[in-house]
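This report concerns only the one structure given below.
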Amino acid sequence: MFFLTILLFSYFQVSQQIPKTTANGKELLSNPRLISVQRTLDVVMNQNVSLSCHSDSGSPPVTYTLFKHNQKVSTLNTQDLTPGLFNFTINSASDVGEYKCKAENNISSGGKYSNSLNFTLIEPISKPVLSSPTSQAKKGENVTLSCLSENGSLPITYIFFKGRQNISPPVKMHKREAAVIFLFINSSSDFGTYKCRAENSFRNNTKYSNSFNFTLAEARSHSQPLVISLGLIALLLVIGFVLATLFFIIPSYKAKKNKSSRSSTGLTSPANAEDTENYVIYTEIEPVKPEEEYINFSVIRREDEKAKRTCATVYSKVLTRD
C-alpha cells in the first residue's frame, strides 16, 4: 500500500510538469505570474513603475492584458514566450491598488489569470517636532519628551537622542500619534540637548527634529508667602489708621478745640444761665476798622427770683493783631 501511494504521487508530479497540448499539437498556456520589476510595492507620487506578466509555457503568440480593480488598463502582444512588460506612472492615489494580468493565446478559452499585486503609496516624512509639557525641571523629577511628524506615510519609527547617543529603542507608531518617552532627572548632566529622529519606508528620507533643553527650575523660597502676608497686614493697618484719622481723630480734635475756645472768652451758654448770677449773651461782632473789632453784648443781672433787670448795651473793644 505504501509503495502504491508513492507511485501515485510521482505520477501526479510528472503529469503536472508535462505541457498540456491539444489534438493539433498546440500547447495550452500556464497561469502567468505578475511581478514588480523594481522588486518593491512601495511607491511614491510621480514614480515610474514596471510590472512583468509572464506565462512559462504555452504556444505563442500570447496576448497579455493588465487589470486594475478588474478594469482593463493595457494590452500587449508577444510573438514568443517573452514577458509582457507594462510601464506606467503613479500620478495619484487612485493609481495604487490591486493589479492582475491575463494571458491568452489562439487555443485558450477565457485565458489564464495571474496572482494579484497591491501597490502602497508612501509619502516622505516631514521634520519631526520635539516637545515637552515643561521646559524647567528639578533634580529628582520625572519629565516627558514627545516626538511627532505631521506628514509622512505610516508606520513611522522614532528614536530619541541626548547629544549623539540614543537613549531609547526604536518606537514604531502605526497611528498619527507622537512617540513619548519618560526621563528621570537625576543629575545636572541630564539637562543636556535632546533630539529625535523619524523615518518610514521612504528610502533616504530620515529627518531629525529641533533641539530641546531642560533648564533647572529655581527653588521657591518658603519665606516668600510669609513676606506677602506681612505686607498685606501692614497695608491693612495703614488703611485703618487713615480711616480712623479722617472719621474719629480729626473730628474729635476739632470739637475739643472749639470747646476750649469758648471757655477762654468767658462766654456762658444760655442753657446754663440760671446757675450763675450774671451771664453774658453773645450777639455780634461789628468790624469798625481793619485792625479793630467790637463785641456787642448784653448783661443781665438777677436781683431776685421774681424780677429781672437788664442793663444797657455795653461795647467792649477788642484789638485784633496779626
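Lettering and numbering for the C-alpha cells are positional, with chains as A, B, ... in the shown order, residues counted from 1 in each chain, and ligands counted from 1 in the shown order.
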Find the spatial neighbours of Gln165 in chain A, counting only C-alpha atoms, within a cut-off of 12 Å - ignore same-chain residues fewer than 2 positions away - and output them as a PyMOL selection string. chain A and resi 159-163+167-169+192-197
Print the selection's residues with C-alpha atoms to a file, as a CSV table (one decimal), in the first residue's frame.
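Result file part-v6.csv:
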```csv
chain,number,residue,atom,x,y,z
A,159,ILE,CA,14.4,57.3,18.1
A,160,PHE,CA,15.3,59.7,20.9
A,161,PHE,CA,18.9,61.1,21.4
A,162,LYS,CA,20.7,63.0,24.1
A,163,GLY,CA,23.6,64.6,22.3
A,167,ILE,CA,18.5,57.0,24.8
A,168,SER,CA,15.6,54.8,23.7
A,169,PRO,CA,14.9,51.8,21.5
A,192,GLY,CA,21.7,68.4,28.1
A,193,THR,CA,20.4,68.8,24.5
A,194,TYR,CA,17.8,66.3,23.3
A,195,LYS,CA,16.7,65.4,19.7
A,196,CYS,CA,14.6,62.8,18.0
A,197,ARG,CA,14.8,61.1,14.6
```
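Among the candidate residues A:Ser52, A:Ser36, A:Ser59, A:Ser131, the one lying nearest to Asn213 in chain A is A:Ser131, with distances computed using only C-alpha atoms.
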Can you list, as number ranges by chain, all residues belonging to range 53-147 of chain A that DSSP tags as strand (DSSP E)? A: 53-54, 62-68, 71-78, 84-90, 98-104, 112-113, 117-118, 120-121, 129-131, 136-137, 141-147
